>>> print(open('entry.cif').read())   # mmCIF, C-alpha atoms
data_model
#
loop_
_atom_site.label_atom_id
_atom_site.label_comp_id
_atom_site.auth_asym_id
_atom_site.auth_seq_id
_atom_site.Cartn_x
_atom_site.Cartn_y
_atom_site.Cartn_z
CA MET A 620 -42.81 -163.48 -135.71
CA SER A 621 -41.51 -165.30 -138.73
CA TRP A 622 -38.75 -164.79 -141.23
CA TYR A 623 -39.09 -164.94 -144.97
CA TYR A 624 -37.37 -167.09 -147.54
CA PRO A 625 -37.86 -166.55 -151.27
CA LYS A 626 -37.92 -169.62 -153.48
CA GLY A 627 -37.86 -169.11 -157.21
CA TRP A 628 -38.30 -171.20 -160.31
CA THR A 629 -37.26 -170.54 -163.89
CA ASP A 630 -39.13 -172.41 -166.63
CA GLN A 631 -36.60 -174.41 -168.61
CA GLU A 632 -39.16 -175.57 -171.18
CA ASP A 633 -42.38 -174.34 -172.73
CA GLY A 634 -45.81 -175.56 -171.74
CA ILE A 635 -45.63 -175.15 -167.98
CA ASP A 636 -49.02 -174.16 -166.55
CA GLN A 637 -48.27 -174.06 -162.83
CA VAL A 638 -45.49 -174.77 -160.37
CA LEU A 639 -46.08 -175.60 -156.73
CA ILE A 640 -43.56 -175.91 -153.95
CA HIS A 641 -44.19 -178.60 -151.34
CA TYR A 642 -42.25 -178.20 -148.11
CA ALA A 643 -41.89 -179.28 -144.52
CA CYS A 644 -39.59 -178.54 -141.62
CA THR A 645 -38.16 -181.12 -139.25
CA PRO A 646 -35.73 -181.12 -136.35
CA PRO A 647 -32.09 -181.75 -137.30
CA GLY A 648 -31.42 -185.24 -138.56
CA GLN A 649 -35.05 -186.07 -139.20
CA TRP A 650 -37.09 -186.52 -142.37
CA PRO A 651 -40.67 -185.46 -143.02
CA ASP A 652 -43.55 -187.87 -143.33
CA TRP A 653 -45.13 -186.40 -146.44
CA SER A 654 -48.27 -188.46 -145.98
CA TRP A 655 -48.83 -186.94 -142.55
CA GLY A 656 -49.05 -183.44 -143.86
CA HIS A 657 -46.97 -180.63 -145.22
CA ASP A 658 -47.33 -177.18 -146.70
CA ALA A 659 -47.77 -176.38 -150.37
CA ARG A 660 -47.88 -173.06 -152.17
CA VAL A 661 -48.51 -172.03 -155.76
CA LEU A 662 -45.66 -169.93 -157.13
CA GLN A 663 -46.61 -166.54 -158.51
CA ASP A 664 -46.02 -166.23 -162.24
CA PHE A 665 -43.94 -163.14 -163.02
CA GLY A 666 -43.76 -163.80 -166.77
CA GLY A 667 -40.70 -162.94 -168.83
CA TYR A 668 -38.62 -165.19 -170.98
CA PRO A 669 -37.67 -167.56 -169.62
CA ARG A 670 -40.68 -167.35 -167.35
CA GLN A 671 -39.89 -166.56 -163.72
CA ARG A 672 -41.92 -167.76 -160.77
CA LEU A 673 -41.50 -166.95 -157.11
CA LYS A 674 -42.98 -167.59 -153.72
CA VAL A 675 -41.78 -165.95 -150.53
CA LEU A 676 -42.21 -168.56 -147.81
CA ARG A 677 -43.01 -167.66 -144.24
CA MET A 678 -40.56 -169.63 -142.13
CA PRO A 679 -40.67 -170.54 -138.44
CA ARG A 680 -38.08 -169.35 -135.94
CA ALA A 681 -38.10 -172.80 -134.36
CA VAL A 682 -39.66 -176.20 -134.92
CA TRP A 683 -40.89 -178.56 -132.28
CA ASP A 684 -38.71 -181.59 -131.61
CA MET A 685 -41.16 -184.25 -130.47
CA GLU A 686 -38.40 -186.72 -129.60
CA ASN A 687 -36.86 -184.37 -127.10
CA GLY A 688 -39.84 -182.26 -126.16
CA TRP A 689 -38.38 -178.87 -126.92
CA PRO A 690 -38.25 -176.34 -129.71
CA THR A 691 -35.14 -176.18 -131.83
CA PRO A 692 -34.11 -172.96 -133.60
CA GLU A 693 -31.96 -174.86 -136.07
CA TYR A 694 -33.81 -177.31 -138.23
CA ARG A 695 -34.07 -178.90 -141.64
CA PHE A 696 -36.10 -177.53 -144.51
CA HIS A 697 -37.23 -180.11 -147.07
CA TYR A 698 -38.86 -179.15 -150.33
CA TYR A 699 -39.57 -180.15 -153.87
CA PHE A 700 -41.30 -178.54 -156.80
CA GLU A 701 -44.31 -180.03 -158.58
CA VAL A 702 -44.52 -178.94 -162.19
CA TYR A 703 -47.67 -179.06 -164.32
CA GLN A 704 -46.71 -179.26 -167.96
CA HIS A 705 -48.37 -180.42 -171.18
CA GLY A 706 -51.27 -182.06 -169.35
CA ASN A 707 -49.06 -183.98 -166.96
CA ARG A 708 -47.20 -183.37 -163.74
CA TRP A 709 -43.74 -184.18 -162.60
CA THR A 710 -41.72 -183.48 -159.49
CA THR A 711 -38.16 -182.44 -158.96
CA ASP A 712 -35.78 -184.19 -156.63
CA LEU A 713 -36.25 -183.60 -152.93
CA PHE A 714 -33.95 -180.91 -151.59
CA THR A 715 -32.97 -180.58 -147.96
CA GLU A 716 -31.33 -177.56 -146.41
CA ASP A 717 -30.03 -177.04 -142.90
CA ILE A 718 -31.56 -173.89 -141.46
CA VAL A 719 -29.14 -172.28 -139.06
CA TYR A 720 -29.12 -169.04 -137.14
CA ARG A 721 -26.67 -166.26 -136.62
CA ASP A 722 -26.84 -164.13 -133.49
CA LEU A 723 -25.91 -160.50 -133.73
CA ASP A 724 -24.90 -158.12 -130.97
CA TYR A 725 -24.68 -154.39 -131.38
CA ALA A 726 -22.53 -152.64 -128.80
CA ASP A 727 -23.64 -149.09 -128.07
CA ASN A 728 -20.73 -147.63 -126.14
CA ASN A 729 -22.16 -144.18 -125.48
CA GLY A 730 -25.84 -144.90 -124.91
CA TRP A 731 -27.08 -143.03 -127.98
CA VAL A 732 -29.37 -145.82 -129.23
CA THR A 733 -32.89 -146.17 -127.84
CA ASN A 734 -34.39 -148.33 -130.61
CA ILE A 735 -32.58 -150.75 -132.87
CA CYS A 736 -33.47 -153.52 -135.28
CA ILE A 737 -31.64 -155.79 -137.64
CA TYR A 738 -32.74 -155.32 -141.22
CA TRP A 739 -31.69 -158.46 -143.08
CA SER A 740 -32.54 -160.79 -145.92
CA VAL A 741 -31.52 -164.12 -147.35
CA GLY A 742 -29.43 -163.79 -150.50
CA ASP A 743 -30.38 -160.29 -151.52
CA TRP A 744 -33.07 -157.81 -150.59
CA ILE A 745 -36.03 -159.65 -152.20
CA ALA A 746 -37.64 -160.51 -148.87
CA PRO A 747 -36.22 -158.34 -146.09
CA VAL A 748 -36.91 -159.16 -142.46
CA TYR A 749 -37.03 -156.74 -139.60
CA SER A 750 -35.91 -158.15 -136.25
CA PRO A 751 -36.13 -155.93 -133.17
CA MET A 752 -32.98 -156.02 -131.02
CA GLU A 753 -33.14 -155.97 -127.26
CA GLU A 754 -30.75 -155.29 -124.42
CA PRO A 755 -30.77 -158.56 -122.44
CA ARG A 756 -30.95 -156.65 -119.18
CA ILE A 757 -34.41 -155.37 -120.15
CA PRO A 758 -36.87 -157.90 -118.68
CA ALA A 759 -38.42 -160.04 -121.39
CA ASP A 760 -41.89 -159.41 -120.01
CA SER A 761 -41.40 -155.66 -119.83
CA GLU A 762 -44.16 -153.45 -121.15
CA PHE A 763 -41.37 -151.72 -123.04
CA ALA A 764 -39.78 -154.74 -124.65
CA ALA A 765 -38.69 -154.02 -128.20
CA THR A 766 -41.17 -156.49 -129.66
CA SER A 767 -44.05 -154.59 -128.03
CA TYR A 768 -43.11 -151.32 -129.66
CA TYR A 769 -45.15 -151.50 -132.83
CA SER A 770 -48.52 -152.10 -131.25
CA TYR A 771 -47.87 -149.78 -128.32
CA GLN A 772 -50.40 -147.00 -128.70
CA ASP A 773 -48.57 -144.21 -126.88
CA LYS A 774 -45.26 -144.11 -128.72
CA ASP A 775 -44.12 -140.98 -126.87
CA ARG A 776 -44.53 -142.76 -123.57
CA PHE A 777 -42.71 -145.79 -124.89
CA HIS A 778 -39.81 -143.64 -126.08
CA HIS A 779 -39.60 -141.87 -122.72
CA GLU A 780 -39.80 -144.98 -120.59
CA LYS A 781 -37.42 -147.04 -122.72
CA TYR A 782 -34.89 -144.24 -122.73
CA HIS A 783 -34.90 -144.12 -118.96
CA MET A 784 -34.73 -147.89 -118.61
CA LEU A 785 -31.65 -147.95 -120.83
CA TYR A 786 -30.17 -144.87 -119.15
CA GLY A 787 -30.14 -146.78 -115.88
CA LEU A 788 -27.99 -149.56 -117.32
CA ASP A 789 -24.22 -149.47 -117.32
CA LEU A 790 -22.54 -148.93 -120.67
CA PRO A 791 -22.01 -150.41 -123.10
CA HIS A 792 -25.52 -151.40 -124.05
CA ARG A 793 -25.43 -154.63 -126.00
CA PHE A 794 -28.47 -155.18 -128.16
CA HIS A 795 -29.17 -158.67 -129.37
CA SER A 796 -31.23 -160.41 -132.03
CA ARG A 797 -31.10 -163.35 -134.42
CA MET A 798 -31.20 -164.11 -138.14
CA TRP A 799 -31.84 -167.39 -139.94
CA GLY A 800 -31.06 -168.90 -143.29
CA PRO A 801 -29.92 -172.03 -145.08
CA ARG A 802 -26.39 -173.18 -144.33
CA GLY A 803 -24.05 -172.04 -147.06
CA ALA A 804 -26.17 -169.03 -148.04
CA ASN A 805 -25.33 -165.38 -147.61
CA LEU A 806 -27.38 -162.99 -145.53
CA VAL A 807 -27.28 -159.28 -146.23
CA GLN A 808 -27.74 -157.11 -143.20
CA GLN A 809 -27.99 -153.56 -141.95
CA TYR A 810 -28.97 -152.02 -138.64
CA HIS A 811 -31.82 -149.60 -138.26
CA ILE A 812 -30.83 -147.47 -135.29
CA GLY A 813 -32.72 -144.66 -133.69
CA ARG A 814 -32.61 -142.25 -130.83
CA MET A 815 -36.26 -141.54 -130.16
CA TYR A 816 -35.87 -139.61 -126.91
CA PRO A 817 -35.50 -136.81 -125.92
CA PRO A 818 -37.70 -135.36 -128.68
CA GLU A 819 -35.23 -132.64 -129.65
CA GLU A 820 -32.61 -135.31 -130.31
CA LYS A 821 -34.87 -137.61 -132.31
CA SER A 822 -32.94 -139.21 -135.18
CA GLU A 823 -32.77 -142.53 -136.97
CA THR A 824 -31.02 -144.15 -139.87
CA TRP A 825 -30.14 -147.41 -141.50
CA LEU A 826 -26.52 -148.29 -140.95
CA GLY A 827 -24.14 -150.35 -143.04
CA PRO A 828 -20.38 -150.84 -142.94
CA ASP A 829 -19.93 -147.57 -144.83
CA GLY A 830 -22.10 -145.62 -142.44
CA PRO A 831 -25.67 -144.31 -142.64
CA SER A 832 -27.65 -145.05 -145.77
CA ALA A 833 -31.06 -145.90 -147.14
CA PRO A 834 -32.46 -149.37 -146.39
CA GLY A 835 -31.18 -152.12 -148.67
CA GLY A 836 -28.56 -151.69 -151.35
CA ASP A 837 -24.86 -152.43 -151.29
CA ASN A 838 -24.00 -150.74 -148.01
CA CYS A 839 -24.56 -153.88 -145.98
CA TRP A 840 -22.75 -156.58 -144.13
CA VAL A 841 -22.71 -160.02 -145.74
CA HIS A 842 -22.79 -163.07 -143.48
CA HIS A 843 -21.95 -166.48 -144.87
CA LEU A 844 -23.86 -169.14 -142.96
CA MET B 273 -42.43 -171.18 -128.33
CA GLY B 274 -43.55 -173.30 -125.43
CA SER B 275 -45.40 -176.09 -127.15
CA PRO B 276 -45.73 -177.68 -130.55
CA SER B 277 -47.75 -175.58 -132.92
CA VAL B 278 -50.37 -176.95 -135.25
CA THR B 279 -50.17 -175.41 -138.68
CA ALA B 280 -53.61 -174.55 -139.96
CA PRO B 281 -54.11 -174.20 -143.69
CA VAL B 282 -53.68 -170.63 -144.82
CA PHE B 283 -54.24 -168.52 -147.89
CA GLY B 284 -52.25 -165.64 -149.27
CA LEU B 285 -53.77 -162.17 -149.12
CA ARG B 286 -51.97 -159.17 -150.54
CA LYS B 287 -51.97 -155.87 -148.70
CA SER B 288 -50.79 -152.74 -150.44
CA TRP B 289 -49.67 -149.29 -149.42
CA VAL B 290 -49.21 -146.19 -151.53
CA ASP B 291 -46.61 -143.71 -150.30
CA PRO B 292 -48.22 -140.30 -149.83
CA GLY B 293 -45.07 -138.79 -151.30
CA PRO B 294 -41.34 -139.28 -151.60
CA GLY B 295 -39.18 -139.84 -148.55
CA ILE B 296 -40.73 -143.00 -147.18
CA ALA B 297 -37.86 -145.31 -146.24
CA MET B 298 -39.75 -148.43 -145.23
CA VAL B 299 -43.24 -149.72 -144.58
CA GLN B 300 -44.14 -152.79 -142.56
CA VAL B 301 -47.51 -154.41 -142.10
CA HIS B 302 -48.27 -156.00 -138.73
CA TYR B 303 -51.15 -158.43 -138.56
CA THR B 304 -52.95 -160.90 -136.39
CA CYS B 305 -56.28 -162.72 -136.37
CA SER B 306 -58.93 -163.15 -133.72
CA PRO B 307 -62.35 -164.77 -133.46
CA THR B 308 -65.06 -162.49 -134.81
CA GLY B 309 -66.04 -159.86 -132.32
CA THR B 310 -62.95 -160.13 -130.15
CA ALA B 311 -60.09 -157.71 -129.84
CA PRO B 312 -56.73 -158.50 -131.42
CA ASP B 313 -53.89 -159.82 -129.31
CA TRP B 314 -50.72 -158.35 -130.76
CA THR B 315 -48.39 -160.46 -128.62
CA ASP B 316 -47.67 -162.96 -131.36
CA ALA B 317 -48.49 -160.75 -134.31
CA GLU B 318 -46.70 -161.26 -137.59
CA GLN B 319 -44.86 -158.52 -139.42
CA ILE B 320 -43.62 -158.29 -142.96
CA VAL B 321 -41.80 -155.59 -144.86
CA LEU B 322 -43.69 -154.34 -147.91
CA ALA B 323 -41.74 -154.67 -151.14
CA PRO B 324 -41.68 -151.76 -153.60
CA GLN B 325 -43.89 -152.50 -156.60
CA GLY B 326 -42.84 -149.60 -158.75
CA GLY B 327 -43.81 -145.98 -158.30
CA LEU B 328 -45.21 -145.23 -154.88
CA ARG B 329 -46.85 -148.61 -154.39
CA ARG B 330 -45.61 -151.30 -151.99
CA SER B 331 -47.16 -154.63 -151.11
CA ALA B 332 -46.74 -157.80 -149.10
CA VAL B 333 -48.57 -161.10 -148.94
CA LEU B 334 -50.09 -162.01 -145.60
CA GLU B 335 -50.85 -165.61 -144.66
CA VAL B 336 -54.33 -165.86 -143.19
CA PRO B 337 -55.96 -169.01 -141.78
CA ARG B 338 -58.55 -170.69 -143.97
CA ALA B 339 -61.22 -170.22 -141.35
CA THR B 340 -64.48 -168.41 -140.91
CA ASP B 341 -65.79 -166.47 -137.94
CA LEU B 342 -62.42 -164.80 -138.03
CA CYS B 343 -61.25 -161.22 -138.14
CA LEU B 344 -57.99 -160.05 -139.67
CA HIS B 345 -56.44 -157.02 -138.01
CA HIS B 346 -53.58 -155.13 -139.56
CA PHE B 347 -51.82 -151.81 -139.44
CA PHE B 348 -48.95 -150.23 -141.30
CA PHE B 349 -45.80 -148.95 -139.62
CA VAL B 350 -44.22 -146.28 -141.75
CA VAL B 351 -40.70 -144.95 -141.40
CA GLY B 352 -40.14 -141.65 -143.15
CA ALA B 353 -37.16 -139.39 -143.45
CA ASN B 354 -37.81 -137.68 -140.14
CA ASP B 355 -40.55 -139.56 -138.44
CA ARG B 356 -42.23 -142.89 -137.87
CA THR B 357 -45.95 -143.42 -137.65
CA ALA B 358 -48.41 -146.26 -137.27
CA SER B 359 -51.65 -146.25 -139.22
CA ALA B 360 -54.99 -146.98 -137.69
CA VAL B 361 -55.78 -150.66 -137.17
CA PHE B 362 -57.91 -152.08 -139.95
CA THR B 363 -60.25 -154.95 -139.04
CA GLU B 364 -61.79 -157.11 -141.73
CA ASP B 365 -64.05 -160.16 -141.67
CA ILE B 366 -62.55 -163.25 -143.26
CA VAL B 367 -65.23 -165.29 -144.99
CA ALA B 368 -65.46 -168.23 -147.36
CA GLN B 369 -67.61 -168.91 -150.38
CA GLU B 370 -68.38 -172.25 -151.96
CA VAL B 371 -67.43 -172.71 -155.60
CA THR B 372 -68.68 -175.68 -157.59
CA TYR B 373 -67.78 -177.39 -160.82
CA GLU B 374 -70.37 -179.45 -162.66
CA ASP B 375 -69.02 -182.24 -164.80
CA PRO B 376 -72.00 -183.44 -166.87
CA ALA B 377 -70.13 -186.20 -168.68
CA GLY B 378 -67.97 -187.53 -165.87
CA ALA B 379 -64.80 -186.51 -167.63
CA TYR B 380 -62.76 -185.72 -164.54
CA THR B 381 -61.72 -187.54 -161.40
CA SER B 382 -60.56 -184.55 -159.40
CA VAL B 383 -61.01 -180.80 -159.64
CA GLY B 384 -59.02 -178.01 -158.06
CA LEU B 385 -59.56 -174.30 -157.76
CA VAL B 386 -56.82 -171.74 -158.30
CA TRP B 387 -57.92 -168.42 -156.89
CA SER B 388 -56.87 -165.00 -155.79
CA ALA B 389 -58.42 -161.71 -154.80
CA VAL B 390 -59.14 -159.87 -158.06
CA ASN B 391 -56.13 -157.96 -159.39
CA GLU B 392 -53.92 -159.12 -156.51
CA ASP B 393 -52.26 -162.08 -158.22
CA VAL B 394 -51.61 -164.27 -155.18
CA PRO B 395 -52.42 -167.77 -156.39
CA ASN B 396 -54.03 -170.09 -153.86
CA TYR B 397 -55.19 -173.64 -154.40
CA THR B 398 -58.15 -175.64 -153.11
CA SER B 399 -58.73 -179.27 -153.96
CA THR B 400 -62.46 -179.89 -154.11
CA VAL B 401 -64.62 -182.74 -152.84
CA MET B 402 -66.96 -184.59 -155.18
CA ASP B 403 -70.53 -185.22 -154.07
CA GLY B 404 -70.97 -188.88 -153.12
CA LEU B 405 -67.34 -189.50 -152.14
CA PRO B 406 -67.37 -189.10 -148.37
CA PHE B 407 -63.74 -190.16 -147.98
CA GLU B 408 -62.52 -187.01 -149.73
CA THR B 409 -61.40 -183.90 -147.91
CA THR B 410 -60.47 -180.54 -149.28
CA GLY B 411 -56.81 -179.58 -149.36
CA THR B 412 -54.41 -176.88 -150.37
CA ALA B 413 -52.61 -178.80 -153.11
CA PRO B 414 -53.74 -180.84 -156.12
CA GLU B 415 -54.99 -184.34 -155.51
CA ASP B 416 -53.57 -187.27 -157.40
CA GLY B 417 -57.05 -188.06 -158.66
CA THR B 418 -56.49 -191.75 -159.39
CA ILE B 419 -59.97 -192.71 -158.19
CA TYR B 420 -61.56 -193.42 -161.53
CA GLU B 421 -63.59 -196.41 -160.34
CA PHE B 422 -65.08 -194.49 -157.42
CA VAL B 423 -65.93 -191.50 -159.57
CA ARG B 424 -67.45 -193.59 -162.34
CA ALA B 425 -69.80 -195.29 -159.85
CA GLN B 426 -71.48 -191.97 -159.03
CA PRO B 427 -74.51 -190.72 -160.98
CA LEU B 428 -74.06 -187.86 -163.40
CA PRO B 429 -73.63 -184.97 -163.31
CA HIS B 430 -70.66 -184.98 -160.96
CA ILE B 431 -70.53 -181.98 -158.68
CA PHE B 432 -67.22 -180.89 -157.18
CA ARG B 433 -67.29 -178.43 -154.28
CA GLY B 434 -64.53 -176.30 -152.85
CA ARG B 435 -64.16 -173.02 -151.03
CA VAL B 436 -62.33 -169.78 -151.55
CA TRP B 437 -61.49 -167.31 -148.80
CA GLY B 438 -60.96 -163.61 -148.51
CA VAL B 439 -62.17 -160.36 -147.05
CA ARG B 440 -65.93 -159.92 -146.87
CA GLY B 441 -67.24 -157.87 -149.76
CA THR B 442 -64.27 -158.43 -152.04
CA PRO B 443 -64.32 -160.30 -155.36
CA ILE B 444 -62.32 -163.48 -155.85
CA ARG B 445 -61.18 -164.62 -159.26
CA TYR B 446 -60.79 -168.33 -159.83
CA GLY B 447 -60.07 -170.95 -162.41
CA TYR B 448 -60.31 -174.74 -162.52
CA HIS B 449 -57.68 -177.45 -162.46
CA LEU B 450 -59.33 -180.39 -164.20
CA ILE B 451 -57.74 -183.79 -163.56
CA ARG B 452 -58.51 -187.13 -165.16
CA HIS B 453 -56.33 -189.84 -163.68
CA GLY B 454 -56.53 -193.58 -163.10
CA GLN B 455 -58.09 -194.35 -166.47
CA PRO B 456 -58.00 -197.95 -167.71
CA ASP B 457 -55.83 -196.72 -170.56
CA PRO B 458 -53.13 -194.47 -169.04
CA ASP B 459 -52.96 -192.56 -172.31
CA ASP B 460 -56.37 -191.16 -171.42
CA ASN B 461 -55.02 -189.56 -168.27
CA THR B 462 -54.67 -185.83 -168.54
CA GLU B 463 -55.07 -182.60 -166.67
CA ARG B 464 -55.61 -179.04 -167.76
CA TRP B 465 -56.03 -175.59 -166.29
CA ASP B 466 -59.17 -173.75 -167.38
CA ASP B 467 -59.07 -170.03 -166.67
CA ASN B 468 -61.93 -169.09 -168.99
CA ALA B 469 -59.53 -167.92 -171.69
CA GLY B 470 -57.68 -165.71 -169.26
CA ALA B 471 -60.74 -164.03 -167.77
CA GLY B 472 -61.38 -166.52 -165.00
CA TRP B 473 -64.63 -166.54 -163.10
CA THR B 474 -65.50 -164.24 -160.25
CA VAL B 475 -67.37 -164.71 -157.00
CA GLN B 476 -68.23 -162.00 -154.49
CA LEU B 477 -67.54 -162.75 -150.85
#
>>> encode(input="entry.cif", output="structure tokens")
Amino acid sequence: MSWYYPKGWTDQEDGIDQVLIHYACTPPGQWPDWSWGHDARVLQDFGGYPRQRLKVLRMPRAVWDMENGWPTPEYRFHYYFEVYQHGNRWTTDLFTEDIVYRDLDYADNNGWVTNICIYWSVGDWIAPVYSPMEEPRIPADSEFAATSYYSYQDKDRFHHEKYHMLYGLDLPHRFHSRMWGPRGANLVQQYHIGRMYPPEEKSETWLGPDGPSAPGGDNCWVHHL
Amino acid sequence: MGSPSVTAPVFGLRKSWVDPGPGIAMVQVHYTCSPTGTAPDWTDAEQIVLAPQGGLRRSAVLEVPRATDLCLHHFFFVVGANDRTASAVFTEDIVAQEVTYEDPAGAYTSVGLVWSAVNEDVPNYTSTVMDGLPFETTGTAPEDGTIYEFVRAQPLPHIFRGRVWGVRGTPIRYGYHLIRHGQPDPDDNTERWDDNAGAGWTVQL
């Protein structure tokens, strides 16, 4: 699964027909070879004055470090905009950001939680990401791993089995997952917690520092990367 | 992630959801692709949260490989006030259609296509290949187009060919990016975006 990073553009002058963003990711300390290949996307035109444009980029959770032969979850994101204006084109400077991660643990001291995700977004809630959290003592290849939940056909069975797997673990249960973003940026974050078994106790909510709430909004933690 | 991944070119495809009523807290779309005729493998499926679009409508843009003989599978995961449900899995054929531009006077050195599923407003780009220039390949971003001498050597009319992608049976709206670069007099270089006065052109997949 990926995470999502919105990149916007505001027209500073008239006569702009299109704006593209060109981008590439490299391991830390490295630079892209633009001639070798990179990604490019056309920004969506949202109109307004000044005209606003936006593209939500799908970002990797790791990039491959060929020098060392392993994936690295922290990497560099290089990008520039190409602007088509008055029958010509020009490009902005090249920008480079360090993409870093922040691990989150949620301690469930009484065993109430059976399903939990981080609900988070870079900057604000324009492009929220949903990251399932897992108790590290649940085997990664388990049929009932959190990441398998969505496509699992028999949700009732999943709820039952996962409840019993967690019930067999000593408290507290510590659920874990990860968020990413550019160094220096803020991430907004809530938890989506649920107790999906037994059926008569089924309940779920989004949770911020002020308690249960709807998803998004001001009731969220802010992490400075 | 056990090995380096090769990033295949993709296109953006919007998927929308209309809340059946109030009380829906969040909707995700989960999606994956498989060769035509094969079942989806959800192990490495992507997921994205649909953004409210006003009213009861939500949408998200999926990134789908620019390939053929491919099926896109997706389903919605809906969290309501008191329940969570998954929709049925929808399976759609991803197909491509060739789009051409005929330049009778040899005015342009490179042509691009800007395209989107009709009414979905997800701009995608294809750089075309001109007949007679075997060194060209299609791409996902505009070409520089400074190949005036090569283009001029080809007989008229010049035919530029590119492809657009989408779900079989759906209409695609496109416009042209017309580039004239590498002219002997640089003042003659120009490029413009022709969207048929806002109407674009449409092709059925």
>>> residues_around(input="entry.cif", residues="Ala360 in chain B", least_positions_apart="2", cutoff="7 Å", atoms="all atoms listed in the file", output="JSON list (two decimals) with C-alpha atoms, in the coordinates of the input")
[["chain", "number", "residue", "atom", "x", "y", "z"],
["B", 347, "PHE", "CA", -51.82, -151.81, -139.44],
["B", 358, "ALA", "CA", -48.41, -146.26, -137.27],
["B", 362, "PHE", "CA", -57.91, -152.08, -139.95]]
>>> residues_near_point(input="entry.cif", point="(-61.1, -189.6, -163.7)", cutoff="7 Å", atoms="all atoms listed in the file", output="ChimeraX atom specification")
/B:379-382,417-420,423,451-455
>>> residues_near_point(input="entry.cif", point="(-69.1, -182.1, -153.3)", cutoff="10 Å", atoms="only C-alpha atoms", output="MDAnalysis selection string")
chainID B and resid 370:374 400:406 408:410 430:434
>>> interface_residues(input="entry.cif", of="chain B", to="chain A", cutoff="6 Å", atoms="only C-alpha atoms", output="PyMOL selection string")
chain B and resi 276+318+395+462-464
>>> write_last_selection(input="entry.cif", atoms="C-alpha atoms", output="mmCIF file, in the frame of the given file")
data_model
loop_
_atom_site.group_PDB
_atom_site.id
_atom_site.type_symbol
_atom_site.label_atom_id
_atom_site.label_comp_id
_atom_site.auth_asym_id
_atom_site.auth_seq_id
_atom_site.Cartn_x
_atom_site.Cartn_y
_atom_site.Cartn_z
ATOM 1 C CA PRO B 276 -45.730 -177.680 -130.550
ATOM 2 C CA GLU B 318 -46.700 -161.260 -137.590
ATOM 3 C CA PRO B 395 -52.420 -167.770 -156.390
ATOM 4 C CA THR B 462 -54.670 -185.830 -168.540
ATOM 5 C CA GLU B 463 -55.070 -182.600 -166.670
ATOM 6 C CA ARG B 464 -55.610 -179.040 -167.760
#
>>> resolve_selection(input="entry.cif", expression="the PyMOL selection byres ((chain B and resi 436) around 8)", output="MDAnalysis selection string")
chainID B and resid 368:371 387 398 434:435 437:438 444
>>> resolve_selection(input="entry.cif", expression="the PyMOL selection byres ((chain B and resi 343) around 7)", output="number ranges by chain")
B: 305-308, 341-342, 344-345, 363-366
>>> write_last_selection(input="entry.cif", atoms="C-alpha atoms", output="compact mmCIF listing (two decimals), in the frame of the given file")
# COMPACT_ATOMS: atom_id res chain seq x y z
CA CYS B 305 -56.28 -162.72 -136.37
CA SER B 306 -58.93 -163.15 -133.72
CA PRO B 307 -62.35 -164.77 -133.46
CA THR B 308 -65.06 -162.49 -134.81
CA ASP B 341 -65.79 -166.47 -137.94
CA LEU B 342 -62.42 -164.80 -138.03
CA LEU B 344 -57.99 -160.05 -139.67
CA HIS B 345 -56.44 -157.02 -138.01
CA THR B 363 -60.25 -154.95 -139.04
CA GLU B 364 -61.79 -157.11 -141.73
CA ASP B 365 -64.05 -160.16 -141.67
CA ILE B 366 -62.55 -163.25 -143.26
>>> resolve_selection(input="entry.cif", expression="the PyMOL selection byres ((chain A and resi 694-700) around 8)", output="PyMOL selection string")
chain A and resi 638-651+681-682+691-693+701-702+710-719
>>> atom_distance(input="entry.cif", atom1="CA of Arg797 in chain A", atom2="CA of Ser288 in chain B")
27.5 Å
>>> atom_distance(input="entry.cif", atom1="CA of Pro281 in chain B", atom2="CA of Asp743 in chain A")
28.6 Å
>>> closest_residue(input="entry.cif", among="A:Trp739, A:Tyr786, A:Phe777, A:Tyr624", to="Cys839 in chain A", atoms="only C-alpha atoms")
A:Trp739
>>> residues_around(input="entry.cif", residues="range 468-470 of chain B", least_positions_apart="5", cutoff="12 Å", atoms="all atoms listed in the file", output="ChimeraX atom specification")
/B:445-449
>>> residues_around(input="entry.cif", residues="Arg356 in chain B", least_positions_apart="3", cutoff="10 Å", atoms="all atoms listed in the file", output="PyMOL selection string")
(chain A and resi 774+815+823) or (chain B and resi 296-299+349-353)
>>> write_last_selection(input="entry.cif", atoms="C-alpha atoms", output="CSV table (one decimal), in the coordinates of the input")
chain,number,residue,atom,x,y,z
A,774,LYS,CA,-45.3,-144.1,-128.7
A,815,MET,CA,-36.3,-141.5,-130.2
A,823,GLU,CA,-32.8,-142.5,-137.0
B,296,ILE,CA,-40.7,-143.0,-147.2
B,297,ALA,CA,-37.9,-145.3,-146.2
B,298,MET,CA,-39.8,-148.4,-145.2
B,299,VAL,CA,-43.2,-149.7,-144.6
B,349,PHE,CA,-45.8,-149.0,-139.6
B,350,VAL,CA,-44.2,-146.3,-141.8
B,351,VAL,CA,-40.7,-145.0,-141.4
B,352,GLY,CA,-40.1,-141.6,-143.2
B,353,ALA,CA,-37.2,-139.4,-143.4
>>> closest_residue(input="entry.cif", among="A:Leu723, A:Leu806, A:Val732, A:Ala759", to="Leu790 in chain A", atoms="only C-alpha atoms")
A:Val732
>>> closest_residue(input="entry.cif", among="B:Val439, B:Val301, B:Val361, B:Ala377", to="Leu285 in chain B", atoms="only C-alpha atoms")
B:Val439
>>> atom_distance(input="entry.cif", atom1="CA of Asn729 in chain A", atom2="CA of His778 in chain A")
17.7 Å
>>> residues_around(input="entry.cif", residues="His302 in chain B", least_positions_apart="3", cutoff="7 Å", atoms="all atoms listed in the file", output="ChimeraX atom specification")
/B:317-320,346-348
